[in-house]
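**Q** Have a look at the structure that comes next, please.
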Amino acid sequence: SEEGFFDDRHKTDLPILPKKISVVTSPTGAAIRDFINVAQRRFPNLPIEVVPVTVQGVRSPGEIIHAINLLNEIGTTDIIVLARGGGSIEDLWAFNDEKLARTIFDSRIPVVSAVGHETDFTIADFVADLRAPTPSAAAEISVPLKNEFQDQVSFLKQKLYETINSRLISLKNNVESYSSR
């Protein structure tokens, strides 16, 4: 806390329309299935990359740190989601690691923590740019609704058409007026 790891002024906003989301999690757990199901329902063709790590045990913090650093090095993802289903405090302990907290804090790519269930809190939750109460909620937070974008584009397209058409009619009337003079 004294180093400012939990301060809102250090938090980065998530992009409105991410090009790719990377989920750092166990590839076999329910967390990734839940995330993908919700994400695909919201935006069917949004690329989601699964970065496999162990999410509990002694090796877990090191693997997660390596994954976050690798994603920052490669730089092709817009959001990193740390996802893990619920469990006991011992099961979630890897997400209380100080080195992991520093890695999350130093990430140039926004990090969403989706560890455990709604009542579970870890240090990763407080350091991350955004905390989601569950992996499913992380998908809802980080993946926009495609049909809302499509509706907005259709609306803007119609407004643009109307504006251009109105301007052309006005110019045509001006030309006709000058021509008659």
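Residues are named by chain letter and number: chains run A, B, ... in the order of the structure tokens, numbers start at 1 in each chain, and ligands are numbered from 1 in the order shown.
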Taking 5 positions as the minimum chain separation for residues in the same chain, which residues sit within 12 Å of Gly85 of chain A when counting only C-alpha atoms? Answer as a JSON list (two decimals) with N, CA and C atoms, in the first residue's frame.
**A**
[["chain", "number", "residue", "atom", "x", "y", "z"],
["A", 25, "THR", "N", -4.49, -18.72, -17.21],
["A", 25, "THR", "CA", -5.26, -19.62, -16.34],
["A", 25, "THR", "C", -4.91, -21.06, -16.65],
["A", 26, "SER", "N", -5.54, -21.96, -15.91],
["A", 26, "SER", "CA", -5.42, -23.38, -16.21],
["A", 26, "SER", "C", -6.26, -23.67, -17.45],
["A", 27, "PRO", "N", -5.70, -24.36, -18.44],
["A", 27, "PRO", "CA", -6.47, -24.63, -19.66],
["A", 27, "PRO", "C", -7.57, -25.67, -19.49],
["A", 28, "THR", "N", -7.58, -26.34, -18.35],
["A", 28, "THR", "CA", -8.55, -27.42, -18.14],
["A", 28, "THR", "C", -9.63, -27.07, -17.12],
["A", 29, "GLY", "N", -9.55, -25.93, -16.49],
["A", 29, "GLY", "CA", -10.49, -25.59, -15.43],
["A", 29, "GLY", "C", -11.80, -25.03, -15.95],
["A", 30, "ALA", "N", -12.76, -24.93, -15.05],
["A", 30, "ALA", "CA", -14.07, -24.37, -15.38],
["A", 30, "ALA", "C", -13.96, -22.87, -15.65],
["A", 31, "ALA", "N", -12.97, -22.21, -15.06],
["A", 31, "ALA", "CA", -12.82, -20.76, -15.22],
["A", 31, "ALA", "C", -12.68, -20.38, -16.68],
["A", 32, "ILE", "N", -11.85, -21.09, -17.42],
["A", 32, "ILE", "CA", -11.64, -20.73, -18.82],
["A", 32, "ILE", "C", -12.88, -21.06, -19.67],
["A", 33, "ARG", "N", -13.54, -22.16, -19.36],
["A", 33, "ARG", "CA", -14.76, -22.50, -20.09],
["A", 33, "ARG", "C", -15.82, -21.44, -19.87],
["A", 34, "ASP", "N", -15.98, -21.00, -18.61],
["A", 34, "ASP", "CA", -16.96, -19.95, -18.31],
["A", 34, "ASP", "C", -16.62, -18.66, -19.02],
["A", 35, "PHE", "N", -15.35, -18.27, -18.99],
["A", 35, "PHE", "CA", -14.92, -17.03, -19.64],
["A", 35, "PHE", "C", -15.21, -17.10, -21.14],
["A", 55, "VAL", "N", -2.57, -22.78, -11.47],
["A", 55, "VAL", "CA", -3.20, -21.70, -10.72],
["A", 55, "VAL", "C", -3.20, -21.94, -9.21],
["A", 56, "GLN", "N", -2.47, -22.96, -8.78],
["A", 56, "GLN", "CA", -2.25, -23.13, -7.35],
["A", 56, "GLN", "C", -0.99, -23.97, -7.17],
["A", 91, "ASP", "N", -5.82, -22.50, -1.58],
["A", 91, "ASP", "CA", -5.87, -22.74, -3.02],
["A", 91, "ASP", "C", -5.57, -21.46, -3.81],
["A", 92, "LEU", "N", -5.97, -20.32, -3.27],
["A", 92, "LEU", "CA", -5.81, -19.04, -3.95],
["A", 92, "LEU", "C", -4.51, -18.32, -3.58],
["A", 113, "SER", "N", -8.22, -9.00, -12.76],
["A", 113, "SER", "CA", -8.11, -10.15, -11.86],
["A", 113, "SER", "C", -9.50, -10.76, -11.68],
["A", 114, "ALA", "N", -9.60, -12.04, -11.99],
["A", 114, "ALA", "CA", -10.86, -12.77, -11.86],
["A", 114, "ALA", "C", -10.57, -14.06, -11.11],
["A", 115, "VAL", "N", -10.17, -13.89, -9.86],
["A", 115, "VAL", "CA", -9.71, -15.01, -9.05],
["A", 115, "VAL", "C", -10.75, -15.35, -8.00],
["A", 116, "GLY", "N", -11.20, -16.59, -8.01],
["A", 116, "GLY", "CA", -12.11, -17.06, -6.98],
["A", 116, "GLY", "C", -13.55, -16.69, -7.26],
["A", 117, "HIS", "N", -14.31, -16.62, -6.18],
["A", 117, "HIS", "CA", -15.72, -16.25, -6.25],
["A", 117, "HIS", "C", -15.88, -14.84, -5.70],
["A", 118, "GLU", "N", -17.10, -14.35, -5.69],
["A", 118, "GLU", "CA", -17.36, -12.97, -5.28],
["A", 118, "GLU", "C", -16.80, -12.60, -3.92],
["A", 119, "THR", "N", -16.79, -13.52, -2.99],
["A", 119, "THR", "CA", -16.34, -13.20, -1.63],
["A", 119, "THR", "C", -14.84, -13.38, -1.43],
["A", 120, "ASP", "N", -14.14, -13.92, -2.42],
["A", 120, "ASP", "CA", -12.70, -14.14, -2.31],
["A", 120, "ASP", "C", -11.94, -12.89, -2.75],
["A", 132, "ALA", "N", -12.67, -8.47, -11.17],
["A", 132, "ALA", "CA", -13.97, -9.06, -11.51],
["A", 132, "ALA", "C", -14.27, -10.11, -10.45],
["A", 133, "PRO", "N", -15.50, -10.20, -9.99],
["A", 133, "PRO", "CA", -15.81, -11.15, -8.92],
["A", 133, "PRO", "C", -15.70, -12.61, -9.35],
["A", 134, "THR", "N", -15.83, -12.89, -10.64],
["A", 134, "THR", "CA", -15.73, -14.26, -11.16],
["A", 134, "THR", "C", -15.15, -14.20, -12.58],
["A", 135, "PRO", "N", -14.67, -15.32, -13.11],
["A", 135, "PRO", "CA", -14.22, -15.33, -14.51],
["A", 135, "PRO", "C", -15.33, -14.95, -15.50],
["A", 136, "SER", "N", -16.55, -15.38, -15.23],
["A", 136, "SER", "CA", -17.68, -15.00, -16.12],
["A", 136, "SER", "C", -17.89, -13.48, -16.10],
["A", 137, "ALA", "N", -17.81, -12.89, -14.92],
["A", 137, "ALA", "CA", -17.95, -11.44, -14.81],
["A", 137, "ALA", "C", -16.80, -10.73, -15.52],
["A", 138, "ALA", "N", -15.61, -11.31, -15.50],
["A", 138, "ALA", "CA", -14.47, -10.73, -16.21],
["A", 138, "ALA", "C", -14.75, -10.66, -17.71]]
**Q** Just list as a ChimeraX atom specification whatever in segment 76-176 of chain A DSSP marks as strand (DSSP E).
**A** /A:79-84,111-115,130-131
**Q** If we count only C-alpha atoms and set the cut-off at 12 Å, which residues sit around segment 58-60 of chain A, ignoring sequence neighbours fewer than 6 positions away in its own chain? Please answer as a list in words.
**A**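 In the requested form, the answer reads Val24, Thr25, Ser26, Pro52, His66, Ala67, Leu82, Arg84, Glu90, Asp91, Leu92, Trp93, Ala94, Phe95, Asn96, Asp97, Lys99 and Leu100 of chain A.
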**Q** Write out the residues from the selection above, keeping N, CA, C and O atoms, as a compact mmCIF listing (two decimals), in the first residue's frame.
**A**
# COMPACT_ATOMS: atom_id res chain seq x y z
N VAL A 24 -4.82 -15.79 -18.67
CA VAL A 24 -3.78 -16.55 -18.00
C VAL A 24 -4.48 -17.41 -16.96
O VAL A 24 -5.00 -16.90 -15.96
N THR A 25 -4.49 -18.72 -17.21
CA THR A 25 -5.26 -19.62 -16.34
C THR A 25 -4.91 -21.06 -16.65
O THR A 25 -4.15 -21.36 -17.57
N SER A 26 -5.54 -21.96 -15.91
CA SER A 26 -5.42 -23.38 -16.21
C SER A 26 -6.26 -23.67 -17.45
O SER A 26 -7.43 -23.28 -17.51
N PRO A 52 -1.59 -21.04 -20.79
CA PRO A 52 -1.71 -22.06 -19.75
C PRO A 52 -0.68 -21.90 -18.62
O PRO A 52 0.51 -21.75 -18.88
N HIS A 66 5.78 -15.28 -15.38
CA HIS A 66 6.38 -15.51 -16.69
C HIS A 66 5.37 -15.22 -17.80
O HIS A 66 5.70 -14.58 -18.81
N ALA A 67 4.13 -15.65 -17.63
CA ALA A 67 3.10 -15.43 -18.64
C ALA A 67 2.82 -13.94 -18.83
O ALA A 67 2.72 -13.47 -19.97
N LEU A 82 -6.41 -12.59 -15.46
CA LEU A 82 -5.96 -13.67 -14.58
C LEU A 82 -7.22 -14.35 -14.07
O LEU A 82 -8.03 -13.72 -13.39
N ARG A 84 -9.20 -17.78 -12.26
CA ARG A 84 -9.16 -19.02 -11.49
C ARG A 84 -10.48 -19.14 -10.77
O ARG A 84 -11.02 -18.15 -10.29
N GLU A 90 -5.99 -21.22 0.90
CA GLU A 90 -4.74 -21.91 0.53
C GLU A 90 -4.68 -22.15 -0.97
O GLU A 90 -3.62 -22.03 -1.58
N ASP A 91 -5.82 -22.50 -1.58
CA ASP A 91 -5.87 -22.74 -3.02
C ASP A 91 -5.57 -21.46 -3.81
O ASP A 91 -5.00 -21.51 -4.90
N LEU A 92 -5.97 -20.32 -3.27
CA LEU A 92 -5.81 -19.04 -3.95
C LEU A 92 -4.51 -18.32 -3.58
O LEU A 92 -4.24 -17.22 -4.07
N TRP A 93 -3.71 -18.93 -2.72
CA TRP A 93 -2.55 -18.26 -2.14
C TRP A 93 -1.54 -17.77 -3.18
O TRP A 93 -0.87 -16.76 -2.97
N ALA A 94 -1.43 -18.43 -4.30
CA ALA A 94 -0.48 -18.01 -5.34
C ALA A 94 -0.73 -16.56 -5.77
O ALA A 94 0.18 -15.85 -6.16
N PHE A 95 -1.98 -16.10 -5.66
CA PHE A 95 -2.34 -14.76 -6.10
C PHE A 95 -2.09 -13.72 -5.01
O PHE A 95 -2.41 -12.55 -5.19
N ASN A 96 -1.48 -14.15 -3.90
CA ASN A 96 -1.06 -13.23 -2.83
C ASN A 96 0.45 -13.02 -2.85
O ASN A 96 1.00 -12.41 -1.95
N ASP A 97 1.13 -13.53 -3.86
CA ASP A 97 2.58 -13.46 -3.97
C ASP A 97 3.04 -12.02 -4.27
O ASP A 97 2.51 -11.37 -5.16
N LYS A 99 5.93 -10.92 -5.59
CA LYS A 99 6.54 -10.76 -6.92
C LYS A 99 5.45 -10.70 -8.00
O LYS A 99 5.58 -9.95 -8.96
N LEU A 100 4.41 -11.48 -7.82
CA LEU A 100 3.30 -11.43 -8.77
C LEU A 100 2.62 -10.06 -8.71
O LEU A 100 2.30 -9.47 -9.75
**Q** Which of these residues is nearest to Thr12 of chain A, using only C-alpha atoms: A:Val143, A:Leu70, A:Ser107, A:Val81?
**A**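 Comparing A:Val143, A:Leu70, A:Ser107, A:Val81 against Thr12 of chain A, the winner is A:Ser107.
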**Q** What's the separation between atom CA of Ala39 of chain A and atom CA of Ile79 of chain A, in Å to one decimal place?
**A**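 Atom CA of Ile79 of chain A lies at a distance of 13.0 Å from atom CA of Ala39 of chain A.
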**Q** Using only C-alpha atoms, which residue out of A:Asp106, A:Glu63, A:Asp78, A:Glu3 lies closest to Leu46 of chain A?
**A** A:Asp78
**Q** Among segment 25-180 of chain A, which ones does DSSP place in alpha helix (DSSP H), written as number ranges by chain?
**A** A: 30-42, 60-74, 98-106, 123-127, 135-142, 146-180
**Q** May I have the residues from that selection written out with C-alpha atoms, as a PDB file, in the first residue's frame?
**A**
ATOM      1  CA  ALA A  30     -14.066 -24.372 -15.378  1.00  0.00           C
ATOM      2  CA  ALA A  31     -12.824 -20.761 -15.216  1.00  0.00           C
ATOM      3  CA  ILE A  32     -11.641 -20.731 -18.822  1.00  0.00           C
ATOM      4  CA  ARG A  33     -14.759 -22.501 -20.092  1.00  0.00           C
ATOM      5  CA  ASP A  34     -16.964 -19.954 -18.308  1.00  0.00           C
ATOM      6  CA  PHE A  35     -14.918 -17.034 -19.639  1.00  0.00           C
ATOM      7  CA  ILE A  36     -14.985 -18.308 -23.234  1.00  0.00           C
ATOM      8  CA  ASN A  37     -18.725 -19.090 -23.131  1.00  0.00           C
ATOM      9  CA  VAL A  38     -19.639 -15.593 -21.978  1.00  0.00           C
ATOM     10  CA  ALA A  39     -17.088 -13.882 -24.263  1.00  0.00           C
ATOM     11  CA  GLN A  40     -18.230 -15.768 -27.365  1.00  0.00           C
ATOM     12  CA  ARG A  41     -21.850 -14.951 -26.613  1.00  0.00           C
ATOM     13  CA  ARG A  42     -20.992 -11.241 -26.331  1.00  0.00           C
ATOM     14  CA  SER A  60       2.051 -21.138  -9.787  1.00  0.00           C
ATOM     15  CA  PRO A  61       3.307 -17.600  -9.001  1.00  0.00           C
ATOM     16  CA  GLY A  62       6.407 -18.070 -11.159  1.00  0.00           C
ATOM     17  CA  GLU A  63       4.383 -19.400 -14.097  1.00  0.00           C
ATOM     18  CA  ILE A  64       1.882 -16.535 -13.880  1.00  0.00           C
ATOM     19  CA  ILE A  65       4.703 -13.968 -13.640  1.00  0.00           C
ATOM     20  CA  HIS A  66       6.381 -15.508 -16.688  1.00  0.00           C
ATOM     21  CA  ALA A  67       3.095 -15.433 -18.643  1.00  0.00           C
ATOM     22  CA  ILE A  68       2.404 -11.764 -17.840  1.00  0.00           C
ATOM     23  CA  ASN A  69       5.973 -10.766 -18.734  1.00  0.00           C
ATOM     24  CA  LEU A  70       5.820 -12.763 -21.973  1.00  0.00           C
ATOM     25  CA  LEU A  71       2.529 -11.134 -22.992  1.00  0.00           C
ATOM     26  CA  ASN A  72       4.017  -7.698 -22.327  1.00  0.00           C
ATOM     27  CA  GLU A  73       7.119  -8.583 -24.376  1.00  0.00           C
ATOM     28  CA  ILE A  74       5.113  -9.862 -27.328  1.00  0.00           C
ATOM     29  CA  GLU A  98       4.545 -10.183  -3.706  1.00  0.00           C
ATOM     30  CA  LYS A  99       6.536 -10.762  -6.919  1.00  0.00           C
ATOM     31  CA  LEU A 100       3.298 -11.433  -8.766  1.00  0.00           C
ATOM     32  CA  ALA A 101       1.822  -8.206  -7.348  1.00  0.00           C
ATOM     33  CA  ARG A 102       4.855  -6.268  -8.629  1.00  0.00           C
ATOM     34  CA  THR A 103       4.552  -7.912 -12.055  1.00  0.00           C
ATOM     35  CA  ILE A 104       0.854  -6.993 -12.305  1.00  0.00           C
ATOM     36  CA  PHE A 105       1.655  -3.434 -11.237  1.00  0.00           C
ATOM     37  CA  ASP A 106       4.429  -3.135 -13.844  1.00  0.00           C
ATOM     38  CA  ILE A 123      -3.542  -9.146  -3.373  1.00  0.00           C
ATOM     39  CA  ALA A 124      -3.743  -9.619  -7.164  1.00  0.00           C
ATOM     40  CA  ASP A 125      -7.321  -8.255  -7.010  1.00  0.00           C
ATOM     41  CA  PHE A 126      -6.168  -5.042  -5.351  1.00  0.00           C
ATOM     42  CA  VAL A 127      -3.157  -4.472  -7.627  1.00  0.00           C
ATOM     43  CA  PRO A 135     -14.224 -15.329 -14.507  1.00  0.00           C
ATOM     44  CA  SER A 136     -17.678 -14.995 -16.116  1.00  0.00           C
ATOM     45  CA  ALA A 137     -17.949 -11.437 -14.809  1.00  0.00           C
ATOM     46  CA  ALA A 138     -14.468 -10.734 -16.210  1.00  0.00           C
ATOM     47  CA  ALA A 139     -15.750 -11.674 -19.662  1.00  0.00           C
ATOM     48  CA  GLU A 140     -18.737  -9.363 -19.243  1.00  0.00           C
ATOM     49  CA  ILE A 141     -16.459  -6.517 -18.146  1.00  0.00           C
ATOM     50  CA  SER A 142     -13.756  -6.927 -20.782  1.00  0.00           C
ATOM     51  CA  LYS A 146     -20.918  -6.803 -30.614  1.00  0.00           C
ATOM     52  CA  ASN A 147     -24.530  -6.037 -31.491  1.00  0.00           C
ATOM     53  CA  GLU A 148     -24.309  -2.714 -29.590  1.00  0.00           C
ATOM     54  CA  PHE A 149     -21.376  -1.708 -31.782  1.00  0.00           C
ATOM     55  CA  GLN A 150     -23.249  -2.823 -34.891  1.00  0.00           C
ATOM     56  CA  ASP A 151     -26.301  -0.785 -33.849  1.00  0.00           C
ATOM     57  CA  GLN A 152     -24.133   2.257 -33.186  1.00  0.00           C
ATOM     58  CA  VAL A 153     -22.388   1.918 -36.568  1.00  0.00           C
ATOM     59  CA  SER A 154     -25.776   1.604 -38.314  1.00  0.00           C
ATOM     60  CA  PHE A 155     -27.058   4.702 -36.513  1.00  0.00           C
ATOM     61  CA  LEU A 156     -23.931   6.708 -37.409  1.00  0.00           C
ATOM     62  CA  LYS A 157     -24.083   5.481 -40.997  1.00  0.00           C
ATOM     63  CA  GLN A 158     -27.701   6.682 -41.278  1.00  0.00           C
ATOM     64  CA  LYS A 159     -26.862  10.062 -39.693  1.00  0.00           C
ATOM     65  CA  LEU A 160     -23.906  10.482 -42.049  1.00  0.00           C
ATOM     66  CA  TYR A 161     -26.097   9.632 -45.048  1.00  0.00           C
ATOM     67  CA  GLU A 162     -28.740  12.142 -43.936  1.00  0.00           C
ATOM     68  CA  THR A 163     -26.153  14.874 -43.324  1.00  0.00           C
ATOM     69  CA  ILE A 164     -24.460  14.352 -46.688  1.00  0.00           C
ATOM     70  CA  ASN A 165     -27.803  14.185 -48.482  1.00  0.00           C
ATOM     71  CA  SER A 166     -29.006  17.377 -46.796  1.00  0.00           C
ATOM     72  CA  ARG A 167     -25.767  19.157 -47.674  1.00  0.00           C
ATOM     73  CA  LEU A 168     -25.983  18.004 -51.317  1.00  0.00           C
ATOM     74  CA  ILE A 169     -29.570  19.247 -51.591  1.00  0.00           C
ATOM     75  CA  SER A 170     -28.513  22.593 -50.138  1.00  0.00           C
ATOM     76  CA  LEU A 171     -25.587  22.862 -52.576  1.00  0.00           C
ATOM     77  CA  LYS A 172     -27.855  21.878 -55.481  1.00  0.00           C
ATOM     78  CA  ASN A 173     -30.330  24.588 -54.500  1.00  0.00           C
ATOM     79  CA  ASN A 174     -27.508  27.125 -54.288  1.00  0.00           C
ATOM     80  CA  VAL A 175     -26.240  26.160 -57.739  1.00  0.00           C
ATOM     81  CA  GLU A 176     -29.746  26.426 -59.189  1.00  0.00           C
ATOM     82  CA  SER A 177     -30.229  29.803 -57.536  1.00  0.00           C
ATOM     83  CA  TYR A 178     -26.922  31.118 -58.943  1.00  0.00           C
ATOM     84  CA  SER A 179     -27.720  29.636 -62.321  1.00  0.00           C
ATOM     85  CA  SER A 180     -31.079  31.394 -62.533  1.00  0.00           C
TER      86      SER A 180
END
**Q** If you measure from atom CA of Pro144 of chain A to atom CA of Ile109 of chain A, what distance in Å do you get, rounded to one decimal?
**A** 17.7 Å
